[in-house]
>>> print(open('target-v3.cif').read())   # mmCIF, C-alpha atoms
data_protein
loop_
_atom_site.label_atom_id
_atom_site.label_comp_id
_atom_site.auth_asym_id
_atom_site.auth_seq_id
_atom_site.Cartn_x
_atom_site.Cartn_y
_atom_site.Cartn_z
CA CYS A 1 0.00 0.00 0.00
CA ARG A 2 1.29 3.45 -0.92
CA SER A 3 -0.39 5.31 1.93
CA ILE A 4 -2.16 4.82 5.24
CA ALA A 5 -5.51 5.43 3.54
CA GLU A 6 -4.86 2.59 1.09
CA ALA A 7 -3.81 0.35 3.96
CA ARG A 8 -7.07 1.11 5.76
CA ARG A 9 -9.10 0.32 2.63
CA ALA A 10 -7.19 -2.92 2.13
CA ALA A 11 -7.80 -3.92 5.76
CA TRP A 12 -11.53 -3.18 5.57
CA LEU A 13 -11.80 -5.02 2.25
CA GLY A 14 -9.98 -8.03 3.67
CA TRP A 15 -12.19 -8.14 6.77
CA GLY A 16 -15.35 -7.78 4.68
CA LEU A 17 -14.40 -10.53 2.26
CA GLY A 18 -13.30 -12.74 5.14
CA PHE A 19 -16.69 -12.28 6.80
CA VAL A 20 -18.53 -13.24 3.61
CA ILE A 21 -16.28 -16.26 3.01
CA THR A 22 -16.78 -17.41 6.60
CA LEU A 23 -20.57 -17.22 6.18
CA LEU A 24 -20.35 -19.22 2.94
CA THR A 25 -18.14 -21.82 4.61
CA LEU A 26 -20.58 -22.19 7.50
CA PHE A 27 -23.44 -22.50 5.00
CA VAL A 28 -21.61 -25.36 3.24
CA GLY A 29 -21.24 -27.12 6.58
CA LEU A 30 -24.94 -26.71 7.38
CA ALA A 31 -25.88 -27.90 3.88
CA LEU A 32 -23.73 -31.02 4.27
CA TYR A 33 -25.27 -31.68 7.68
CA GLY A 34 -28.77 -31.42 6.21
CA PHE A 35 -27.86 -33.61 3.24
CA TYR A 36 -26.56 -36.46 5.35
CA ARG A 37 -29.44 -36.11 7.80
CA VAL A 38 -31.77 -36.84 4.90
CA HIS A 39 -29.51 -39.55 3.42
CA SER A 40 -28.78 -41.31 6.68
CA GLY A 41 -26.47 -44.31 6.63
CA VAL A 42 -24.46 -43.06 3.67
CA LEU A 43 -21.79 -41.29 5.71
CA PRO A 44 -19.23 -43.62 7.36
CA GLU A 45 -19.40 -43.45 11.15
CA ASP A 46 -15.63 -43.22 11.62
CA LEU A 47 -15.22 -40.34 9.15
CA ALA A 48 -13.59 -37.22 10.62
CA GLY A 49 -15.45 -33.92 10.47
CA ASP A 50 -13.02 -32.26 8.08
CA ALA A 51 -13.23 -35.26 5.72
CA ILE A 52 -16.98 -34.93 5.05
CA LEU A 53 -16.60 -32.39 2.24
CA PRO A 54 -13.96 -34.47 0.36
CA PHE A 55 -16.18 -37.53 0.83
CA PHE A 56 -19.14 -35.63 -0.64
CA VAL A 57 -17.08 -34.46 -3.61
CA ASP A 58 -15.81 -37.99 -4.23
CA THR A 59 -19.17 -39.77 -3.95
CA GLU A 60 -21.87 -37.29 -4.98
CA LEU A 61 -20.52 -34.86 -7.56
CA PRO A 62 -20.10 -35.78 -11.25
CA PRO A 63 -16.48 -36.22 -12.42
CA GLY A 64 -16.23 -32.91 -14.29
CA VAL A 65 -17.63 -30.81 -11.43
CA ALA A 66 -15.54 -32.69 -8.86
CA GLY A 67 -12.39 -32.06 -10.88
CA LEU A 68 -13.14 -28.35 -11.16
CA LEU A 69 -13.80 -28.10 -7.43
CA ILE A 70 -10.59 -29.92 -6.53
CA ALA A 71 -8.63 -27.69 -8.92
CA ALA A 72 -10.21 -24.60 -7.30
CA ILE A 73 -9.30 -25.84 -3.81
CA MET A 74 -5.72 -26.53 -4.88
CA ALA A 75 -5.42 -23.11 -6.52
CA ALA A 76 -6.81 -21.39 -3.43
CA ALA A 77 -4.42 -23.32 -1.20
CA MET A 78 -1.44 -22.43 -3.39
CA SER A 79 -2.37 -18.74 -3.50
CA SER A 80 -2.76 -18.64 0.28
CA LEU A 81 0.50 -20.47 0.93
CA ASP A 82 2.68 -18.47 -1.45
CA SER A 83 1.44 -15.13 -0.08
CA ALA A 84 1.99 -16.28 3.49
CA LEU A 85 5.50 -17.56 2.78
CA SER A 86 6.39 -14.42 0.85
CA SER A 87 5.09 -12.18 3.63
CA LEU A 88 7.01 -14.13 6.25
CA ALA A 89 10.26 -13.98 4.28
CA THR A 90 9.80 -10.26 3.58
CA THR A 91 9.14 -9.52 7.25
CA VAL A 92 12.25 -11.38 8.40
CA GLU A 93 14.39 -9.73 5.74
CA VAL A 94 13.12 -6.15 6.12
CA ASP A 95 12.60 -5.99 9.89
CA PHE A 96 15.60 -8.06 11.01
CA LEU A 97 18.27 -9.07 8.51
CA ALA A 98 18.33 -5.80 6.57
CA ARG A 99 18.94 -3.91 9.81
CA LEU A 100 21.48 -6.33 11.25
CA ARG A 101 23.33 -7.06 8.00
CA PRO A 102 22.75 -4.35 5.34
CA ALA A 103 23.35 -5.54 1.77
CA GLU A 104 22.71 -4.70 -1.86
CA GLU A 105 19.25 -5.13 -3.31
CA SER A 106 20.25 -8.24 -5.29
CA ASP A 107 21.72 -9.88 -2.18
CA ARG A 108 18.61 -9.06 -0.15
CA LEU A 109 16.42 -10.62 -2.84
CA ARG A 110 18.58 -13.74 -2.79
CA ARG A 111 18.31 -13.95 1.00
CA ALA A 112 14.53 -13.52 0.80
CA ARG A 113 14.31 -16.44 -1.62
CA TRP A 114 16.26 -18.67 0.75
CA LEU A 115 14.04 -17.49 3.61
CA THR A 116 10.97 -18.45 1.57
CA LEU A 117 12.40 -21.92 1.04
CA ALA A 118 13.22 -22.29 4.74
CA ALA A 119 9.73 -21.11 5.75
CA GLY A 120 8.17 -23.62 3.35
CA ILE A 121 10.22 -26.48 4.80
CA LEU A 122 9.31 -25.47 8.36
CA ALA A 123 5.62 -25.16 7.47
CA THR A 124 5.61 -28.56 5.77
CA THR A 125 7.35 -30.14 8.76
CA ALA A 126 4.86 -28.58 11.16
CA ALA A 127 1.93 -29.78 9.02
CA LEU A 128 3.27 -33.34 9.01
CA ALA A 129 3.84 -33.22 12.77
CA LEU A 130 0.28 -32.01 13.43
CA ALA A 131 -1.38 -34.43 11.00
CA GLY A 132 -3.78 -36.81 12.70
CA ARG A 133 -4.03 -34.78 15.92
CA GLY A 134 -7.58 -33.56 15.44
CA THR A 135 -9.65 -31.64 12.93
CA LEU A 136 -8.11 -28.83 10.92
CA LEU A 137 -10.48 -26.28 12.45
CA ALA A 138 -9.55 -27.26 16.00
CA LEU A 139 -5.84 -27.19 15.17
CA ALA A 140 -6.14 -23.83 13.42
CA VAL A 141 -7.96 -22.30 16.38
CA GLN A 142 -5.37 -23.71 18.79
CA VAL A 143 -2.28 -22.62 16.85
CA MET A 144 -3.68 -19.19 15.99
CA GLY A 145 -4.68 -18.73 19.61
CA TRP A 146 -1.02 -18.87 20.66
CA PHE A 147 -0.30 -15.64 18.80
CA ALA A 148 -3.62 -13.93 17.98
CA GLY A 149 -4.26 -12.87 21.58
CA PRO A 150 -0.87 -11.25 22.21
CA VAL A 151 -0.97 -9.53 18.80
CA LEU A 152 -4.43 -8.14 19.57
CA ALA A 153 -3.14 -6.91 22.93
CA LEU A 154 -0.22 -5.16 21.21
CA PHE A 155 -2.65 -3.26 18.99
CA ILE A 156 -4.73 -2.31 22.02
CA LEU A 157 -1.62 -1.09 23.85
CA ALA A 158 -0.54 0.93 20.81
CA LEU A 159 -3.92 2.71 20.77
CA ARG A 160 -3.59 3.85 24.36
CA ARG A 161 -2.95 7.49 25.12
CA HIS A 162 0.33 6.59 26.84
CA PRO A 163 1.49 3.30 25.29
CA PRO A 164 4.19 1.26 27.04
CA ARG A 165 7.77 1.12 25.85
CA PRO A 166 8.39 -1.29 22.92
CA GLY A 167 10.56 -3.61 25.00
CA GLN A 168 7.99 -3.81 27.76
CA ALA A 169 5.16 -4.50 25.29
CA LEU A 170 7.21 -7.21 23.56
CA PHE A 171 8.01 -8.87 26.89
CA ALA A 172 4.31 -8.86 27.82
CA ALA A 173 3.39 -10.41 24.45
CA VAL A 174 5.98 -13.17 24.88
CA VAL A 175 4.64 -13.94 28.37
CA GLY A 176 1.09 -14.06 26.99
CA ALA A 177 2.06 -16.43 24.16
CA LEU A 178 4.01 -18.72 26.51
CA THR A 179 1.10 -18.80 28.95
CA VAL A 180 -1.31 -19.95 26.26
CA LEU A 181 1.21 -22.49 24.96
CA LEU A 182 1.79 -24.00 28.42
CA ALA A 183 -1.94 -24.07 29.16
CA SER A 184 -2.68 -25.80 25.84
CA VAL A 185 -0.27 -28.71 26.19
CA PRO A 186 -1.15 -31.77 28.31
CA GLY A 187 -0.16 -31.35 31.94
CA PRO A 188 -1.25 -31.96 35.53
CA TRP A 189 -4.28 -29.66 35.10
CA PRO A 190 -7.61 -31.20 34.00
CA GLU A 191 -8.82 -31.08 30.43
CA SER A 192 -11.62 -28.67 31.36
CA LEU A 193 -9.06 -25.98 32.30
CA ARG A 194 -7.39 -25.87 28.90
CA PRO A 195 -8.22 -22.65 27.06
CA GLY A 196 -9.42 -24.22 23.79
CA ILE A 197 -11.30 -21.59 21.78
CA TRP A 198 -10.52 -19.10 24.54
CA SER A 199 -6.78 -19.21 23.75
CA ALA A 200 -6.80 -15.80 22.09
CA ALA A 201 -8.75 -14.25 24.96
CA LEU A 202 -6.32 -15.75 27.50
CA GLY A 203 -3.26 -14.55 25.57
CA ALA A 204 -4.65 -11.03 25.20
CA SER A 205 -5.64 -10.83 28.87
CA VAL A 206 -2.26 -12.04 30.13
CA THR A 207 -0.42 -9.66 27.80
CA LEU A 208 -2.48 -6.67 28.93
CA ALA A 209 -2.11 -7.67 32.59
CA VAL A 210 1.68 -8.07 32.36
CA SER A 211 1.95 -4.75 30.55
CA ALA A 212 -0.18 -3.02 33.20
CA ILE A 213 1.96 -4.49 35.99
CA GLY A 214 5.15 -3.38 34.24
CA THR A 215 3.76 0.12 33.74
CA ALA A 216 2.76 0.36 37.40
CA ILE A 217 6.20 -0.80 38.55
CA GLY A 218 7.88 1.69 36.22
CA ARG A 219 5.79 4.58 37.52
CA ARG A 220 6.51 3.61 41.11
CA ARG A 221 10.24 3.62 40.42
CA GLU A 222 10.00 7.03 38.75
CA ARG A 223 8.20 8.46 41.79
CA SER A 224 10.73 7.01 44.20
#
>>> encode(input="target-v3.cif", output="structure tokens")
Amino acid sequence: CRSIAEARRAAWLGWGLGFVITLLTLFVGLALYGFYRVHSGVLPEDLAGDAILPFFVDTELPPGVAGLLIAAIMAAAMSSLDSALSSLATTVEVDFLARLRPAEESDRLRRARWLTLAAGILATTAALALAGRGTLLALAVQVMGWFAGPVLALFILALRRHPPRPGQALFAAVVGALTVLLASVPGPWPESLRPGIWSAALGASVTLAVSAIGTAIGRRRERS
């Protein structure tokens, strides 16, 4: 984006399209539920929730339509992955490596390409490690919850009239992310105490609380 106004428009457009796509996705789920309620006994009992749509495509759609739908899903997946990997590589290069090790434009582009490859390998490894550990929706909510809450808290802190120092805010975000991560993994606490879909809320609350405590301690030291 060339300006803050364009960035705002892009953000609003992204949120609006995301809302519409989410509604359409939920509608597909409800439609599949209604279909297999009417055609009872067709759906295998041991089929996972995120495998119902592929099963429907494989068994109910004609070959031509099924092929087009699979091609569309693959294209959407590729477009989402390449933009995510490119953004991650650009962020690492611009915000970290370019400041720590300045270089020519051609060298920076070469480093970004290697970063894209490394990010792809890490993402593939993580996907293989998480395969078979639950539905994709549950895994997405859990993994995003580790970081979404602290990031939301950082935005809230930045909008305050007197925001905390960058180092203090970063420390609070790290504490919030670690808290959610520790609470999400199996441990001595019962299953009912795991955050689940409340991971983002827990991470944001812990981040804001740690930041508030740090601000209070800093003000007390200044007064003394």
>>> atom_distance(input="target-v3.cif", atom1="CA of Thr179 (chain A)", atom2="CA of Val206 (chain A)")
7.6 Å
>>> resolve_selection(input="target-v3.cif", expression="the PyMOL selection byres ((chain A and resi 170-174) around 6)", output="ChimeraX atom specification")
/A:150,167-169,175-177,207,210-211
>>> write_last_selection(input="target-v3.cif", atoms="C-alpha atoms", output="PDB file, keeping the file's coordinate frame")
ATOM      1  CA  PRO A 150      -0.870 -11.250  22.210  1.00  0.00           C
ATOM      2  CA  GLY A 167      10.560  -3.610  25.000  1.00  0.00           C
ATOM      3  CA  GLN A 168       7.990  -3.810  27.760  1.00  0.00           C
ATOM      4  CA  ALA A 169       5.160  -4.500  25.290  1.00  0.00           C
ATOM      5  CA  VAL A 175       4.640 -13.940  28.370  1.00  0.00           C
ATOM      6  CA  GLY A 176       1.090 -14.060  26.990  1.00  0.00           C
ATOM      7  CA  ALA A 177       2.060 -16.430  24.160  1.00  0.00           C
ATOM      8  CA  THR A 207      -0.420  -9.660  27.800  1.00  0.00           C
ATOM      9  CA  VAL A 210       1.680  -8.070  32.360  1.00  0.00           C
ATOM     10  CA  SER A 211       1.950  -4.750  30.550  1.00  0.00           C
TER      11      SER A 211
END
>>> atom_distance(input="target-v3.cif", atom1="CA of Ile73 (chain A)", atom2="CA of Arg8 (chain A)")
28.7 Å
>>> atom_distance(input="target-v3.cif", atom1="CA of Val28 (chain A)", atom2="CA of Pro195 (chain A)")
27.5 Å
>>> resolve_selection(input="target-v3.cif", expression="the PyMOL selection byres ((chain A and resi 90) around 12)", output="list in words")
Asp82, Ser83, Ala84, Leu85, Ser86, Ser87, Leu88, Ala89, Thr91, Val92, Glu93, Val94, Asp95, Phe96, Leu97, Ala98, Arg108, Leu109, Arg110, Arg111, Ala112, Arg113, Trp114, Leu115, Thr116 and Ala119 of chain A
>>> closest_residue(input="target-v3.cif", among="A:Gly29, A:Gly196, A:Pro163, A:Pro62", to="Ala138 (chain A)", atoms="only C-alpha atoms")
A:Gly196
>>> resolve_selection(input="target-v3.cif", expression="the PyMOL selection byres ((chain A and resi 142) around 10)", output="list in words")
Leu136, Leu137, Ala138, Leu139, Ala140, Val141, Val143, Met144, Gly145, Trp146, Phe147, Ala148, Val180, Leu181, Ser184, Pro195, Gly196, Ile197, Trp198, Ser199 and Ala200 of chain A
>>> axis_aligned_box(input="target-v3.cif", around="region 93-101 of chain A", padding_each_side="4 Å", output="lines of an AutoDock Vina configuration file")
center_x = 18.0
center_y = -6.8
center_z = 8.5
size_x = 18.7
size_y = 13.8
size_z = 13.5
>>> build_atoms(input="target-v3.cif", residues="region 127-138 of chain A", atoms="all heavy atoms", output="PDB file, keeping the file's coordinate frame")
ATOM      1  N   ALA A 127       3.177 -29.152   9.481  1.00  0.00           N
ATOM      2  CA  ALA A 127       1.930 -29.780   9.020  1.00  0.00           C
ATOM      3  C   ALA A 127       1.992 -31.294   9.178  1.00  0.00           C
ATOM      4  O   ALA A 127       1.020 -31.935   9.601  1.00  0.00           O
ATOM      5  CB  ALA A 127       1.670 -29.402   7.565  1.00  0.00           C
ATOM      6  N   LEU A 128       3.125 -31.894   8.852  1.00  0.00           N
ATOM      7  CA  LEU A 128       3.270 -33.340   9.010  1.00  0.00           C
ATOM      8  C   LEU A 128       3.236 -33.746  10.480  1.00  0.00           C
ATOM      9  O   LEU A 128       2.695 -34.787  10.850  1.00  0.00           O
ATOM     10  CB  LEU A 128       4.569 -33.811   8.354  1.00  0.00           C
ATOM     11  CG  LEU A 128       4.638 -33.681   6.833  1.00  0.00           C
ATOM     12  CD1 LEU A 128       6.023 -34.061   6.323  1.00  0.00           C
ATOM     13  CD2 LEU A 128       3.575 -34.538   6.163  1.00  0.00           C
ATOM     14  N   ALA A 129       3.834 -32.905  11.342  1.00  0.00           N
ATOM     15  CA  ALA A 129       3.840 -33.220  12.770  1.00  0.00           C
ATOM     16  C   ALA A 129       2.450 -33.123  13.384  1.00  0.00           C
ATOM     17  O   ALA A 129       2.124 -33.868  14.319  1.00  0.00           O
ATOM     18  CB  ALA A 129       4.804 -32.278  13.502  1.00  0.00           C
ATOM     19  N   LEU A 130       1.617 -32.207  12.871  1.00  0.00           N
ATOM     20  CA  LEU A 130       0.280 -32.010  13.430  1.00  0.00           C
ATOM     21  C   LEU A 130      -0.768 -32.896  12.776  1.00  0.00           C
ATOM     22  O   LEU A 130      -1.915 -32.927  13.244  1.00  0.00           O
ATOM     23  CB  LEU A 130      -0.137 -30.549  13.273  1.00  0.00           C
ATOM     24  CG  LEU A 130       0.661 -29.532  14.094  1.00  0.00           C
ATOM     25  CD1 LEU A 130       0.243 -28.119  13.736  1.00  0.00           C
ATOM     26  CD2 LEU A 130       0.481 -29.783  15.586  1.00  0.00           C
ATOM     27  N   ALA A 131      -0.410 -33.598  11.698  1.00  0.00           N
ATOM     28  CA  ALA A 131      -1.380 -34.430  11.000  1.00  0.00           C
ATOM     29  C   ALA A 131      -1.888 -35.540  11.909  1.00  0.00           C
ATOM     30  O   ALA A 131      -1.125 -36.188  12.628  1.00  0.00           O
ATOM     31  CB  ALA A 131      -0.746 -35.028   9.742  1.00  0.00           C
ATOM     32  N   GLY A 132      -3.180 -35.755  11.898  1.00  0.00           N
ATOM     33  CA  GLY A 132      -3.780 -36.810  12.700  1.00  0.00           C
ATOM     34  C   GLY A 132      -4.008 -36.453  14.152  1.00  0.00           C
ATOM     35  O   GLY A 132      -4.368 -37.326  14.948  1.00  0.00           O
ATOM     36  N   ARG A 133      -3.844 -35.190  14.525  1.00  0.00           N
ATOM     37  CA  ARG A 133      -4.030 -34.780  15.920  1.00  0.00           C
ATOM     38  C   ARG A 133      -5.325 -33.999  16.136  1.00  0.00           C
ATOM     39  O   ARG A 133      -5.417 -33.196  17.046  1.00  0.00           O
ATOM     40  CB  ARG A 133      -2.838 -33.940  16.381  1.00  0.00           C
ATOM     41  CG  ARG A 133      -1.523 -34.687  16.341  1.00  0.00           C
ATOM     42  CD  ARG A 133      -0.439 -33.934  17.068  1.00  0.00           C
ATOM     43  NE  ARG A 133       0.821 -34.647  17.053  1.00  0.00           N
ATOM     44  CZ  ARG A 133       1.917 -34.271  17.718  1.00  0.00           C
ATOM     45  NH1 ARG A 133       1.892 -33.158  18.436  1.00  0.00           N
ATOM     46  NH2 ARG A 133       3.027 -34.975  17.658  1.00  0.00           N
ATOM     47  N   GLY A 134      -6.303 -34.232  15.291  1.00  0.00           N
ATOM     48  CA  GLY A 134      -7.580 -33.560  15.440  1.00  0.00           C
ATOM     49  C   GLY A 134      -8.000 -32.930  14.124  1.00  0.00           C
ATOM     50  O   GLY A 134      -7.318 -33.050  13.100  1.00  0.00           O
ATOM     51  N   THR A 135      -9.153 -32.266  14.137  1.00  0.00           N
ATOM     52  CA  THR A 135      -9.650 -31.640  12.930  1.00  0.00           C
ATOM     53  C   THR A 135      -8.832 -30.392  12.606  1.00  0.00           C
ATOM     54  O   THR A 135      -8.202 -29.796  13.471  1.00  0.00           O
ATOM     55  CB  THR A 135     -11.126 -31.250  13.097  1.00  0.00           C
ATOM     56  OG1 THR A 135     -11.239 -30.262  14.138  1.00  0.00           O
ATOM     57  CG2 THR A 135     -11.966 -32.456  13.457  1.00  0.00           C
ATOM     58  N   LEU A 136      -8.867 -30.008  11.334  1.00  0.00           N
ATOM     59  CA  LEU A 136      -8.110 -28.830  10.920  1.00  0.00           C
ATOM     60  C   LEU A 136      -8.618 -27.573  11.601  1.00  0.00           C
ATOM     61  O   LEU A 136      -7.831 -26.692  11.952  1.00  0.00           O
ATOM     62  CB  LEU A 136      -8.228 -28.677   9.391  1.00  0.00           C
ATOM     63  CG  LEU A 136      -7.493 -29.723   8.548  1.00  0.00           C
ATOM     64  CD1 LEU A 136      -7.763 -29.489   7.064  1.00  0.00           C
ATOM     65  CD2 LEU A 136      -5.998 -29.683   8.821  1.00  0.00           C
ATOM     66  N   LEU A 137      -9.929 -27.468  11.805  1.00  0.00           N
ATOM     67  CA  LEU A 137     -10.480 -26.280  12.450  1.00  0.00           C
ATOM     68  C   LEU A 137      -9.979 -26.167  13.888  1.00  0.00           C
ATOM     69  O   LEU A 137      -9.565 -25.090  14.330  1.00  0.00           O
ATOM     70  CB  LEU A 137     -12.006 -26.326  12.421  1.00  0.00           C
ATOM     71  CG  LEU A 137     -12.721 -25.150  13.098  1.00  0.00           C
ATOM     72  CD1 LEU A 137     -12.334 -23.836  12.431  1.00  0.00           C
ATOM     73  CD2 LEU A 137     -14.228 -25.351  13.056  1.00  0.00           C
ATOM     74  N   ALA A 138     -10.010 -27.284  14.617  1.00  0.00           N
ATOM     75  CA  ALA A 138      -9.550 -27.260  16.000  1.00  0.00           C
ATOM     76  C   ALA A 138      -8.062 -26.920  16.082  1.00  0.00           C
ATOM     77  O   ALA A 138      -7.628 -26.136  16.935  1.00  0.00           O
ATOM     78  CB  ALA A 138      -9.834 -28.595  16.682  1.00  0.00           C
TER      79      ALA A 138
END
